[in-house]
Amino acid sequence: MVFEGLAEKLQNTLSKLKGKGKVSEKDVAEAMREVKLALLEADVNFKVVKDFINKVKERAVGSDVLESLTPGQQIIKIVNEELTALMGTTQSKLTFASKPPTIIMMVGLQGAGKTTTSGKLAKMLKKQGKRPLLVAGDIYRPAAIKQLQVVGGQVDVPVFTLGDQTSPVEIAKAALEHANKNGNDVMLVDTAGRLHIDEALMEELQNIKSAIKPHEILLVVDSMTGQDAVNVAQHFNDQLGVDGVILTKLDGDTRGGAALSVRAVTNKPIKFAALGEKLDDLEPFHPDRMASRILG
Ligand code: GDP
């Protein structure tokens, strides 16, 4: 899990406070210095860390906390609450169209996990009784269409493709017609990614957006890419507008700071977390559970 290093450090620091009958402002300052370092080391965005620490400190040095019978535990509770708030407080669900099909556009950099996650989401929706349609809108990456077809086959969800010679905008429009005709109530459009954001990619995504007016634009973000992932998220949000984020590769072993910064920086909810390569490895993102997992 990406937060292992961070979790260990935070738990160490906070356990020192836990046992104390009396906690001074100096103890709080010392603990917060350690928490700050741990977050920065995990590659959480600097400004996000600063705001987080200030909020915790402000609440923790209040006399009702320090003079309570269990100051250490109260402070740990505050850290837990602020960490939960940082990740969005409550679980944020998908928006379904009042008149189907619900159109979901999957966007993100190449390799972030769009194709895999589209399959995972299709599987999850199917389990909920929906009739999803996967749409192969990435015509540039060799084998992307084939990959989506394989994934579709594995989750038993149809895949709409017009090959790689038709423009993604036309594919998306034709897919919508197909979904209407065939009673697919959710349409998941896999789009192209690049290794870096470029204007042509953004323009194409904007054109698809205007053509099919998605109900959800979900940005797929690789949690293992640190600060970079947050910059990517911010750029996509500025240029395209996203409705939610899916964090992938939370099962990885790198620092995972992106996962903690992305909500604060974009102000967009993290809707799902992907924790592995298998098509079952997707779950709704619960900020409170994630905070408790990190704090032990
Ligand atoms: P795309 O280029 O954005 O469509 O990315 P892909 O869906 O092809 O995924 C890129 C790689 O990341 C593939 O090898 C996936 O198996 C892998 N991957 C995707 N999601 C996860 C995840 O949650 N955990 C792990 N460990 N690997 C993942």
# chains A, B, ... in the order shown; residues from 1 in each chain; ligands from 1
>>> residues_near_ligand(ligand="ligand 1", cutoff="9 Å", atoms="only C-alpha atoms and all ligand atoms", output="ChimeraX atom specification")
/A:106-119,138,141,144,147-148,190-195,220-223,247-252,273-279,281-282
>>> closest_atom_pairs(of="region 71-142 of chain A", to="region 9-31 of chain A", cutoff="7 Å", atoms="only C-alpha atoms", output="JSON lines")
{"residue": "A:Pro71", "atom": "CA", "partner": "A:Val23", "partner_atom": "CA", "distance": 6.2}
{"residue": "A:Gly72", "atom": "CA", "partner": "A:Lys18", "partner_atom": "CA", "distance": 4.2}
{"residue": "A:Gln73", "atom": "CA", "partner": "A:Lys18", "partner_atom": "CA", "distance": 5.4}
{"residue": "A:Ile76", "atom": "CA", "partner": "A:Leu14", "partner_atom": "CA", "distance": 6.5}
>>> write_last_selection(atoms="N, CA and C atoms", output="PDB file, in the first residue's frame")
ATOM      1  N   PRO A  71      -5.285  14.251  26.498  1.00  0.00           N
ATOM      2  CA  PRO A  71      -4.898  15.187  25.431  1.00  0.00           C
ATOM      3  C   PRO A  71      -4.295  14.482  24.217  1.00  0.00           C
ATOM      4  N   GLY A  72      -3.454  13.481  24.473  1.00  0.00           N
ATOM      5  CA  GLY A  72      -2.803  12.788  23.355  1.00  0.00           C
ATOM      6  C   GLY A  72      -3.835  12.175  22.418  1.00  0.00           C
ATOM      7  N   GLN A  73      -4.798  11.510  23.014  1.00  0.00           N
ATOM      8  CA  GLN A  73      -5.819  10.862  22.189  1.00  0.00           C
ATOM      9  C   GLN A  73      -6.686  11.864  21.441  1.00  0.00           C
ATOM     10  N   ILE A  76      -4.765  12.965  18.431  1.00  0.00           N
ATOM     11  CA  ILE A  76      -4.807  11.937  17.391  1.00  0.00           C
ATOM     12  C   ILE A  76      -6.155  11.972  16.671  1.00  0.00           C
TER      13      ILE A  76
END
>>> residues_around(residues="region 53-68 of chain A", least_positions_apart="4", cutoff="7 Å", atoms="only C-alpha atoms", output="list in words")
Val23, Ser24, Glu25, Met32, Lys36, Val49, Gln74, Ile75, Ile78, Val79 and Glu82 of chain A
>>> write_last_selection(atoms="C-alpha atoms", output="PDB file, in the first residue's frame")
ATOM      1  CA  VAL A  23       0.694  17.556  26.765  1.00  0.00           C
ATOM      2  CA  SER A  24       2.262  20.986  26.407  1.00  0.00           C
ATOM      3  CA  GLU A  25       2.133  23.342  23.447  1.00  0.00           C
ATOM      4  CA  MET A  32       3.525  18.529  14.263  1.00  0.00           C
ATOM      5  CA  LYS A  36       5.019  17.733   8.583  1.00  0.00           C
ATOM      6  CA  VAL A  49       0.999  20.142   4.140  1.00  0.00           C
ATOM      7  CA  GLN A  74      -7.725  14.054  21.438  1.00  0.00           C
ATOM      8  CA  ILE A  75      -4.885  15.235  19.233  1.00  0.00           C
ATOM      9  CA  ILE A  78      -7.987  15.779  15.400  1.00  0.00           C
ATOM     10  CA  VAL A  79      -5.283  14.489  13.055  1.00  0.00           C
ATOM     11  CA  GLU A  82      -8.273  16.614   9.377  1.00  0.00           C
TER      12      GLU A  82
END
>>> residues_around(residues="region 170-176 of chain A", least_positions_apart="3", cutoff="10 Å", atoms="only C-alpha atoms", output="NGL selection string")
:A and (101-103 or 105 or 133-139 or 159-167 or 179-182 or 184 or 186-191 or 208-209 or 211-212)
>>> closest_residue(among="A:Gly5, A:Pro168, A:Gly88, A:Gly257", to="Tyr140 (chain A)", atoms="only C-alpha atoms")
A:Pro168
>>> select_by_dssp(residues="region 52-287 of chain A", states="strand (DSSP E)", output="number ranges by chain")
A: 102-107, 132-137, 159-160, 186-191, 216-222, 244-248, 270-274, 282-284
>>> closest_residue(among="A:Asp185, A:Glu216, A:Glu283, A:Asp228", to="Gly241 (chain A)", atoms="only C-alpha atoms")
A:Glu216
>>> residues_around(residues="Glu199 (chain A)", least_positions_apart="3", cutoff="12 Å", atoms="only C-alpha atoms", output="ChimeraX atom specification")
/A:193-194,196,202-206,235-236,239-240
>>> select_by_dssp(residues="region 94-293 of chain A", states="alpha helix (DSSP H)", output="JSON, numbers by chain")
{"A": [114, 115, 116, 117, 118, 119, 120, 121, 122, 123, 124, 125, 126, 127, 144, 145, 146, 147, 148, 149, 150, 151, 152, 153, 154, 155, 168, 169, 170, 171, 172, 173, 174, 175, 176, 177, 178, 179, 180, 181, 182, 199, 200, 201, 202, 203, 204, 205, 206, 207, 208, 209, 210, 211, 212, 226, 227, 228, 229, 230, 231, 232, 233, 234, 235, 236, 237, 238, 239, 257, 258, 259, 260, 261, 262, 263, 264, 265, 266, 287, 288, 289, 290, 291, 292, 293]}
>>> closest_residue(among="A:Ser210, A:Asn45, A:Gln128, A:Ser98", to="Ser261 (chain A)", atoms="only C-alpha atoms")
A:Asn45
>>> closest_residue(among="A:Lys213, A:Lys268, A:Lys123, A:Arg255", to="Asn237 (chain A)", atoms="only C-alpha atoms")
A:Lys268
>>> residues_around(residues="Ile270 (chain A)", least_positions_apart="6", cutoff="12 Å", atoms="only C-alpha atoms", output="PyMOL selection string")
chain A and resi 84-94+218-221+223+233+242-248+258-264+283-287+290
>>> decode(residues="region 87-116 of chain A", atoms="N, CA and C atoms", output="PDB file, in the first residue's frame")
ATOM      1  N   MET A  87      -9.008  14.438   2.433  1.00  0.00           N
ATOM      2  CA  MET A  87      -9.330  13.526   1.329  1.00  0.00           C
ATOM      3  C   MET A  87     -10.788  13.630   0.902  1.00  0.00           C
ATOM      4  N   GLY A  88     -11.505  14.595   1.486  1.00  0.00           N
ATOM      5  CA  GLY A  88     -12.849  14.863   0.980  1.00  0.00           C
ATOM      6  C   GLY A  88     -14.004  14.590   1.930  1.00  0.00           C
ATOM      7  N   THR A  89     -13.699  14.173   3.159  1.00  0.00           N
ATOM      8  CA  THR A  89     -14.691  13.933   4.209  1.00  0.00           C
ATOM      9  C   THR A  89     -15.638  12.754   3.926  1.00  0.00           C
ATOM     10  N   THR A  90     -16.502  12.901   2.930  1.00  0.00           N
ATOM     11  CA  THR A  90     -17.469  11.816   2.722  1.00  0.00           C
ATOM     12  C   THR A  90     -17.259  11.159   1.368  1.00  0.00           C
ATOM     13  N   GLN A  91     -17.824   9.984   1.236  1.00  0.00           N
ATOM     14  CA  GLN A  91     -17.707   9.268  -0.029  1.00  0.00           C
ATOM     15  C   GLN A  91     -18.524   9.980  -1.096  1.00  0.00           C
ATOM     16  N   SER A  92     -17.946  10.111  -2.280  1.00  0.00           N
ATOM     17  CA  SER A  92     -18.631  10.815  -3.358  1.00  0.00           C
ATOM     18  C   SER A  92     -19.004   9.817  -4.450  1.00  0.00           C
ATOM     19  N   LYS A  93     -20.289   9.764  -4.754  1.00  0.00           N
ATOM     20  CA  LYS A  93     -20.758   8.729  -5.684  1.00  0.00           C
ATOM     21  C   LYS A  93     -20.828   9.230  -7.121  1.00  0.00           C
ATOM     22  N   LEU A  94     -20.997   8.300  -8.024  1.00  0.00           N
ATOM     23  CA  LEU A  94     -21.177   8.655  -9.431  1.00  0.00           C
ATOM     24  C   LEU A  94     -22.525   9.342  -9.619  1.00  0.00           C
ATOM     25  N   THR A  95     -22.560  10.258 -10.571  1.00  0.00           N
ATOM     26  CA  THR A  95     -23.832  10.887 -10.926  1.00  0.00           C
ATOM     27  C   THR A  95     -24.421  10.107 -12.101  1.00  0.00           C
ATOM     28  N   PHE A  96     -25.628   9.638 -11.949  1.00  0.00           N
ATOM     29  CA  PHE A  96     -26.279   8.952 -13.060  1.00  0.00           C
ATOM     30  C   PHE A  96     -27.265   9.897 -13.732  1.00  0.00           C
ATOM     31  N   ALA A  97     -27.365   9.778 -15.048  1.00  0.00           N
ATOM     32  CA  ALA A  97     -28.259  10.643 -15.803  1.00  0.00           C
ATOM     33  C   ALA A  97     -29.705  10.302 -15.475  1.00  0.00           C
ATOM     34  N   SER A  98     -30.570  11.333 -15.448  1.00  0.00           N
ATOM     35  CA  SER A  98     -31.983  11.032 -15.196  1.00  0.00           C
ATOM     36  C   SER A  98     -32.563  10.317 -16.412  1.00  0.00           C
ATOM     37  N   LYS A  99     -31.994  10.659 -17.578  1.00  0.00           N
ATOM     38  CA  LYS A  99     -32.424   9.948 -18.781  1.00  0.00           C
ATOM     39  C   LYS A  99     -31.192   9.210 -19.336  1.00  0.00           C
ATOM     40  N   PRO A 100     -31.176   7.870 -19.249  1.00  0.00           N
ATOM     41  CA  PRO A 100     -29.996   7.121 -19.704  1.00  0.00           C
ATOM     42  C   PRO A 100     -29.751   7.288 -21.205  1.00  0.00           C
ATOM     43  N   PRO A 101     -28.568   7.050 -21.684  1.00  0.00           N
ATOM     44  CA  PRO A 101     -27.436   6.513 -20.920  1.00  0.00           C
ATOM     45  C   PRO A 101     -26.650   7.593 -20.167  1.00  0.00           C
ATOM     46  N   THR A 102     -26.105   7.158 -19.037  1.00  0.00           N
ATOM     47  CA  THR A 102     -25.133   7.981 -18.332  1.00  0.00           C
ATOM     48  C   THR A 102     -23.816   7.884 -19.100  1.00  0.00           C
ATOM     49  N   ILE A 103     -23.258   9.040 -19.407  1.00  0.00           N
ATOM     50  CA  ILE A 103     -22.021   9.037 -20.193  1.00  0.00           C
ATOM     51  C   ILE A 103     -20.835   9.372 -19.304  1.00  0.00           C
ATOM     52  N   ILE A 104     -19.897   8.457 -19.253  1.00  0.00           N
ATOM     53  CA  ILE A 104     -18.705   8.653 -18.426  1.00  0.00           C
ATOM     54  C   ILE A 104     -17.481   8.691 -19.339  1.00  0.00           C
ATOM     55  N   MET A 105     -16.697   9.721 -19.175  1.00  0.00           N
ATOM     56  CA  MET A 105     -15.493   9.853 -19.999  1.00  0.00           C
ATOM     57  C   MET A 105     -14.283   9.628 -19.095  1.00  0.00           C
ATOM     58  N   MET A 106     -13.424   8.715 -19.504  1.00  0.00           N
ATOM     59  CA  MET A 106     -12.242   8.407 -18.696  1.00  0.00           C
ATOM     60  C   MET A 106     -11.046   9.129 -19.309  1.00  0.00           C
ATOM     61  N   VAL A 107     -10.397   9.979 -18.539  1.00  0.00           N
ATOM     62  CA  VAL A 107      -9.256  10.722 -19.072  1.00  0.00           C
ATOM     63  C   VAL A 107      -8.043  10.574 -18.152  1.00  0.00           C
ATOM     64  N   GLY A 108      -6.876  10.875 -18.701  1.00  0.00           N
ATOM     65  CA  GLY A 108      -5.657  10.796 -17.898  1.00  0.00           C
ATOM     66  C   GLY A 108      -4.455  10.545 -18.778  1.00  0.00           C
ATOM     67  N   LEU A 109      -3.290  10.564 -18.169  1.00  0.00           N
ATOM     68  CA  LEU A 109      -2.067  10.323 -18.939  1.00  0.00           C
ATOM     69  C   LEU A 109      -1.954   8.851 -19.315  1.00  0.00           C
ATOM     70  N   GLN A 110      -1.186   8.600 -20.353  1.00  0.00           N
ATOM     71  CA  GLN A 110      -0.939   7.216 -20.765  1.00  0.00           C
ATOM     72  C   GLN A 110      -0.280   6.441 -19.624  1.00  0.00           C
ATOM     73  N   GLY A 111      -0.780   5.263 -19.369  1.00  0.00           N
ATOM     74  CA  GLY A 111      -0.183   4.438 -18.330  1.00  0.00           C
ATOM     75  C   GLY A 111      -0.796   4.643 -16.953  1.00  0.00           C
ATOM     76  N   ALA A 112      -1.680   5.633 -16.835  1.00  0.00           N
ATOM     77  CA  ALA A 112      -2.288   5.907 -15.523  1.00  0.00           C
ATOM     78  C   ALA A 112      -3.214   4.769 -15.107  1.00  0.00           C
ATOM     79  N   GLY A 113      -3.768   4.092 -16.109  1.00  0.00           N
ATOM     80  CA  GLY A 113      -4.659   2.971 -15.805  1.00  0.00           C
ATOM     81  C   GLY A 113      -6.076   3.163 -16.335  1.00  0.00           C
ATOM     82  N   LYS A 114      -6.235   4.023 -17.335  1.00  0.00           N
ATOM     83  CA  LYS A 114      -7.582   4.302 -17.863  1.00  0.00           C
ATOM     84  C   LYS A 114      -8.291   3.060 -18.383  1.00  0.00           C
ATOM     85  N   THR A 115      -7.593   2.305 -19.241  1.00  0.00           N
ATOM     86  CA  THR A 115      -8.240   1.163 -19.888  1.00  0.00           C
ATOM     87  C   THR A 115      -8.621   0.109 -18.850  1.00  0.00           C
ATOM     88  N   THR A 116      -7.667  -0.216 -17.999  1.00  0.00           N
ATOM     89  CA  THR A 116      -7.930  -1.204 -16.948  1.00  0.00           C
ATOM     90  C   THR A 116      -9.074  -0.738 -16.054  1.00  0.00           C
TER      91      THR A 116
END
